[in-house]
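Step one of this worksheet: look at the structure below.
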Amino acid sequence: MEKITLPERPGWRAQAEELGFTFADMHGEPYWDETSAYRFTLDEVETMIEDPATELHAMCREAAARIVESEELMARLAIPEAHRDLVRDSWRRGDPELYGRFDLAHDGQGPAKLLEYNADTPTSLYESASYQWLWLEGQLELGVLHAGDDQFNGIHEALVARFAELFAEDEQLHFTAVAGAPEDYATVEMLGWAAREAGMGAHYCDLDKIGLSDEGQFVDDESRVIGTLFKLYPWEDLLRDPYADHVAPSGVRMLEPAWKALLSNKGLLPVLWQMFEGHPNLLPSFFEDDADMDAPGMDRVVRKPLFSREGSSITIRENGAVTEASPDDSYAHHPHILQAYHPLPVMDGFRPVVGAWIVGQSCVGMGLREDRSRITQDLSRFKPHFIRG
């Protein structure tokens, strides 16, 4: 794994604007950054990212099977008691999953370490699946990259195949996200694109415009009944929303399914450690009130709320003192877990995190974000990658 300085493609900003990639800059900072890229070898990708991520996902499914049978674990993951049967039934029925993204600490030297699993509402999908592939093609055409250079990126093709596996041709699917969030819209539009390519109909509706019919079915802003809904809205929020009472009676098929609430929860991390202690891709992790702070390796820990987005409310503690904290503490009121601190590699002043994309149950691609901070936050930069060697 190396970080390589490269020339930017001429006119890439105009291209991004034309394609609707309107958040290539955010808050006055670059989000998409192609002044450099990360280079990997094929063997490194296959043996240190692809295969471990696929194995981690299988382990997460084993953890879900254990959690749904345990009232204690459901409570520790703060699954509301009123909706635990919704989660259990979803798992026991085998409701199918679509996608997810592991965040991994990887330096190319030792095993990648799981930081967390964005199993329910992962964004950066458009950048990973589509725009960084356009970057690769452009740089190959310009001769900046070498003939034969490649990218670990079968995300779009895997999504098309997954939709085709799950749904009949001409089935009508709905996609929703919070209005006015360009990154969220890009994610659901990317998924809608894959569904259409697989032969389905794909309809978008803002989240706040979804309603209930007199018969108790979910309907869109044109009063069409929603049979299948992909919602870029976290289950931890939905399960605390009055609309949660209507999910089961409505008969709507949800993507992601309700059992994904268990895997997008940071409480998954201590459950994985309990089940697979010592696994080379896991970090020691504990529910906060169980943690033995005198145990080896617990002098440096990351404190994470069960629910958190973009590094919010995360702190790094070393020898009992907070040495770094996210400026956003909006999730701080939730219960917390402690995870052994594992430093990210520092490359040209930035710390990269590898996002390993799961579609169905296999790892099919990756995207990288980097941040100057030890806590990857909302102003992190997306970086393209390529494979050589």
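Naming scheme: A, B, ... for chains in displayed order of the structure tokens; residues 1 onward per chain; ligands 1 onward as shown.
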query = Contacts of segment 226-239 of chain A at 6 Å or less, counting only C-alpha atoms, minus same-chain residues fewer than 6 places along, as JSON, numbers by chain?
reply = {"A": [121, 173, 174, 175, 176, 177, 218, 219, 252, 253, 254, 255, 261]}
Deliver the residues from the most recent selection as a file, using N, CA and C atoms, as an mmCIF file, in the first residue's frame.
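result.cif, written as the output of this step:
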data_model
loop_
_atom_site.group_PDB
_atom_site.id
_atom_site.type_symbol
_atom_site.label_atom_id
_atom_site.label_comp_id
_atom_site.auth_asym_id
_atom_site.auth_seq_id
_atom_site.Cartn_x
_atom_site.Cartn_y
_atom_site.Cartn_z
ATOM 1 N N THR A 121 -26.875 1.811 6.442
ATOM 2 C CA THR A 121 -27.037 2.995 5.586
ATOM 3 C C THR A 121 -25.688 3.551 5.127
ATOM 4 N N LEU A 173 -39.746 -1.072 -7.284
ATOM 5 C CA LEU A 173 -39.063 -0.805 -6.024
ATOM 6 C C LEU A 173 -39.099 0.690 -5.729
ATOM 7 N N HIS A 174 -39.110 1.022 -4.457
ATOM 8 C CA HIS A 174 -39.047 2.416 -4.033
ATOM 9 C C HIS A 174 -37.756 2.660 -3.260
ATOM 10 N N PHE A 175 -37.246 3.871 -3.401
ATOM 11 C CA PHE A 175 -36.020 4.292 -2.720
ATOM 12 C C PHE A 175 -36.299 5.620 -2.037
ATOM 13 N N THR A 176 -35.792 5.764 -0.813
ATOM 14 C CA THR A 176 -36.051 7.005 -0.078
ATOM 15 C C THR A 176 -34.831 7.434 0.724
ATOM 16 N N ALA A 177 -34.731 8.753 0.918
ATOM 17 C CA ALA A 177 -33.680 9.354 1.736
ATOM 18 C C ALA A 177 -34.207 10.690 2.239
ATOM 19 N N PHE A 218 -47.775 1.452 3.270
ATOM 20 C CA PHE A 218 -46.974 2.634 2.976
ATOM 21 C C PHE A 218 -47.218 3.057 1.527
ATOM 22 N N VAL A 219 -47.325 4.375 1.316
ATOM 23 C CA VAL A 219 -47.558 4.914 -0.025
ATOM 24 C C VAL A 219 -46.594 6.059 -0.282
ATOM 25 N N VAL A 252 -44.694 -4.250 4.024
ATOM 26 C CA VAL A 252 -43.615 -3.726 3.189
ATOM 27 C C VAL A 252 -42.349 -4.570 3.378
ATOM 28 N N ARG A 253 -41.629 -4.762 2.279
ATOM 29 C CA ARG A 253 -40.352 -5.458 2.333
ATOM 30 C C ARG A 253 -39.262 -4.405 2.411
ATOM 31 N N MET A 254 -38.464 -4.450 3.459
ATOM 32 C CA MET A 254 -37.483 -3.409 3.726
ATOM 33 C C MET A 254 -36.078 -3.825 3.286
ATOM 34 N N LEU A 255 -35.384 -2.909 2.670
ATOM 35 C CA LEU A 255 -33.954 -2.996 2.418
ATOM 36 C C LEU A 255 -33.319 -1.771 3.072
ATOM 37 N N ALA A 261 -30.231 -3.949 11.873
ATOM 38 C CA ALA A 261 -30.061 -3.068 13.031
ATOM 39 C C ALA A 261 -29.041 -3.630 14.011
#
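Using only C-alpha atoms, the residues found no farther than 12 Å from Pro249 of chain A, other than those of its own chain fewer than 5 positions away, are Leu86, Leu212, Ser213, Glu215, Gly216, Gln217, Phe218, Tyr243 and Ala244 of chain A.
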Fill in: Residues within 7 Å of segment 272-275 of chain A, only C-alpha atoms, excluding chain neighbours under 2 positions, as a PyMOL selection string
chain A and resi 63+268-270+277+282+284-285
From a DSSP calculation on the backbone, collect every residue of segment 47-201 of chain A in strand (DSSP E) and output the set as a PDB file with N, CA, C and O atoms, in the first residue's frame.
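Saved the output as out12.pdb:
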ATOM      1  N   TYR A  99     -26.453  -4.648   0.914  1.00  0.00           N
ATOM      2  CA  TYR A  99     -25.063  -4.196   0.890  1.00  0.00           C
ATOM      3  C   TYR A  99     -24.626  -3.683   2.248  1.00  0.00           C
ATOM      4  O   TYR A  99     -25.424  -3.543   3.177  1.00  0.00           O
ATOM      5  N   GLY A 100     -23.334  -3.411   2.367  1.00  0.00           N
ATOM      6  CA  GLY A 100     -22.767  -2.841   3.580  1.00  0.00           C
ATOM      7  C   GLY A 100     -21.323  -2.448   3.315  1.00  0.00           C
ATOM      8  O   GLY A 100     -20.768  -2.731   2.245  1.00  0.00           O
ATOM      9  N   ARG A 101     -20.707  -1.791   4.303  1.00  0.00           N
ATOM     10  CA  ARG A 101     -19.313  -1.366   4.134  1.00  0.00           C
ATOM     11  C   ARG A 101     -18.566  -1.517   5.454  1.00  0.00           C
ATOM     12  O   ARG A 101     -18.938  -0.923   6.466  1.00  0.00           O
ATOM     13  N   PHE A 102     -17.516  -2.329   5.427  1.00  0.00           N
ATOM     14  CA  PHE A 102     -16.613  -2.419   6.569  1.00  0.00           C
ATOM     15  C   PHE A 102     -15.607  -1.283   6.504  1.00  0.00           C
ATOM     16  O   PHE A 102     -15.056  -0.984   5.434  1.00  0.00           O
ATOM     17  N   ASP A 103     -15.345  -0.647   7.632  1.00  0.00           N
ATOM     18  CA  ASP A 103     -14.239   0.296   7.740  1.00  0.00           C
ATOM     19  C   ASP A 103     -13.071  -0.433   8.393  1.00  0.00           C
ATOM     20  O   ASP A 103     -13.186  -0.938   9.519  1.00  0.00           O
ATOM     21  N   LEU A 104     -11.955  -0.483   7.662  1.00  0.00           N
ATOM     22  CA  LEU A 104     -10.802  -1.259   8.079  1.00  0.00           C
ATOM     23  C   LEU A 104      -9.574  -0.374   8.231  1.00  0.00           C
ATOM     24  O   LEU A 104      -9.333   0.515   7.400  1.00  0.00           O
ATOM     25  N   ALA A 105      -8.800  -0.626   9.271  1.00  0.00           N
ATOM     26  CA  ALA A 105      -7.465  -0.040   9.398  1.00  0.00           C
ATOM     27  C   ALA A 105      -6.495  -0.986   8.704  1.00  0.00           C
ATOM     28  O   ALA A 105      -6.384  -2.156   9.059  1.00  0.00           O
ATOM     29  N   LYS A 113      -7.629  -4.436  10.371  1.00  0.00           N
ATOM     30  CA  LYS A 113      -8.401  -4.498  11.612  1.00  0.00           C
ATOM     31  C   LYS A 113      -9.768  -3.843  11.408  1.00  0.00           C
ATOM     32  O   LYS A 113      -9.867  -2.732  10.867  1.00  0.00           O
ATOM     33  N   LEU A 114     -10.803  -4.530  11.858  1.00  0.00           N
ATOM     34  CA  LEU A 114     -12.157  -4.005  11.752  1.00  0.00           C
ATOM     35  C   LEU A 114     -12.359  -2.869  12.751  1.00  0.00           C
ATOM     36  O   LEU A 114     -12.202  -3.054  13.961  1.00  0.00           O
ATOM     37  N   LEU A 115     -12.699  -1.696  12.234  1.00  0.00           N
ATOM     38  CA  LEU A 115     -13.038  -0.558  13.084  1.00  0.00           C
ATOM     39  C   LEU A 115     -14.529  -0.513  13.362  1.00  0.00           C
ATOM     40  O   LEU A 115     -14.941  -0.284  14.487  1.00  0.00           O
ATOM     41  N   GLU A 116     -15.343  -0.729  12.316  1.00  0.00           N
ATOM     42  CA  GLU A 116     -16.787  -0.786  12.487  1.00  0.00           C
ATOM     43  C   GLU A 116     -17.412  -1.282  11.185  1.00  0.00           C
ATOM     44  O   GLU A 116     -16.741  -1.362  10.151  1.00  0.00           O
ATOM     45  N   TYR A 117     -18.705  -1.628  11.266  1.00  0.00           N
ATOM     46  CA  TYR A 117     -19.432  -2.118  10.111  1.00  0.00           C
ATOM     47  C   TYR A 117     -20.610  -1.181   9.843  1.00  0.00           C
ATOM     48  O   TYR A 117     -21.513  -1.061  10.666  1.00  0.00           O
ATOM     49  N   ASN A 118     -20.573  -0.508   8.704  1.00  0.00           N
ATOM     50  CA  ASN A 118     -21.695   0.322   8.270  1.00  0.00           C
ATOM     51  C   ASN A 118     -22.631  -0.592   7.480  1.00  0.00           C
ATOM     52  O   ASN A 118     -22.580  -0.664   6.257  1.00  0.00           O
ATOM     53  N   GLN A 172     -41.636  -3.337  -9.004  1.00  0.00           N
ATOM     54  CA  GLN A 172     -41.493  -1.912  -8.735  1.00  0.00           C
ATOM     55  C   GLN A 172     -40.909  -1.699  -7.341  1.00  0.00           C
ATOM     56  O   GLN A 172     -41.510  -2.117  -6.343  1.00  0.00           O
ATOM     57  N   LEU A 173     -39.746  -1.072  -7.284  1.00  0.00           N
ATOM     58  CA  LEU A 173     -39.063  -0.805  -6.024  1.00  0.00           C
ATOM     59  C   LEU A 173     -39.099   0.690  -5.729  1.00  0.00           C
ATOM     60  O   LEU A 173     -39.100   1.514  -6.649  1.00  0.00           O
ATOM     61  N   HIS A 174     -39.110   1.022  -4.457  1.00  0.00           N
ATOM     62  CA  HIS A 174     -39.047   2.416  -4.033  1.00  0.00           C
ATOM     63  C   HIS A 174     -37.756   2.660  -3.260  1.00  0.00           C
ATOM     64  O   HIS A 174     -37.265   1.777  -2.544  1.00  0.00           O
ATOM     65  N   PHE A 175     -37.246   3.871  -3.401  1.00  0.00           N
ATOM     66  CA  PHE A 175     -36.020   4.292  -2.720  1.00  0.00           C
ATOM     67  C   PHE A 175     -36.299   5.620  -2.037  1.00  0.00           C
ATOM     68  O   PHE A 175     -36.949   6.502  -2.619  1.00  0.00           O
ATOM     69  N   THR A 176     -35.792   5.764  -0.813  1.00  0.00           N
ATOM     70  CA  THR A 176     -36.051   7.005  -0.078  1.00  0.00           C
ATOM     71  C   THR A 176     -34.831   7.434   0.724  1.00  0.00           C
ATOM     72  O   THR A 176     -34.003   6.612   1.133  1.00  0.00           O
ATOM     73  N   GLY A 201     -38.425  -1.615 -11.899  1.00  0.00           N
ATOM     74  CA  GLY A 201     -38.773  -0.207 -11.845  1.00  0.00           C
ATOM     75  C   GLY A 201     -38.240   0.383 -10.556  1.00  0.00           C
ATOM     76  O   GLY A 201     -38.240  -0.285  -9.511  1.00  0.00           O
TER      77      GLY A 201
END
With DSSP run on the backbone, what are the helix (DSSP H, G or I) residues within segment 115-205 of chain A? I'd like them as a ChimeraX atom specification.
/A:125-142,155-166,182-197
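The interatomic distance for the pair atom CA of Ile358 of chain A and atom CA of Arg381 of chain A works out to 21.1 Å.
Put simply, atom CA of Ala198 of chain A is 5.3 Å away from atom CA of Ala164 of chain A.
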Could you list, as a count of residues only, every residue within 8 Å of Thr315 of chain A, counting only C-alpha atoms and ignoring same-chain residues fewer than 2 positions away? 10
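For Pro257 of chain A, the set of protein, DNA and RNA residues having any atom at most 7 Å away, when counting only C-alpha atoms and skipping those fewer than 5 positions along the same chain, is Ser90, Asp95, Pro96 and Glu97 of chain A.
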May I have a table of the residues of segment 83-160 of chain A lying at most 6 Å from segment 363-380 of chain A, giving each one's closest pair of atoms and their distance in Å to one decimal, counting only C-alpha atoms, ordered by chain and ascending residue number, as a Markdown table?
| residue | atom | partner | partner_atom | distance |
| --- | --- | --- | --- | --- |
| A:Ser128 | CA | A:Gly367 | CA | 5.0 |
| A:Phe152 | CA | A:Gly365 | CA | 4.9 |
| A:Asn153 | CA | A:Gly365 | CA | 4.2 |
| A:Gly154 | CA | A:Val364 | CA | 5.3 |
| A:Ile155 | CA | A:Val364 | CA | 5.5 |
I want to know what sits within 8 Å of Asp150 of chain A, based on only C-alpha atoms, with residues of the same chain fewer than 5 positions away left out; could you give that as a ChimeraX atom specification? /A:136,386-388
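For the set A:Gly267, A:Gly211, A:Pro111, A:Pro384, the residue with the smallest atom-to-atom gap to Phe307 of chain A is A:Gly267, counting only C-alpha atoms.
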Of A:Phe350, A:Gln151, A:Val271, A:Ala58, the one nearest to Leu134 of chain A when counting only C-alpha atoms is A:Gln151
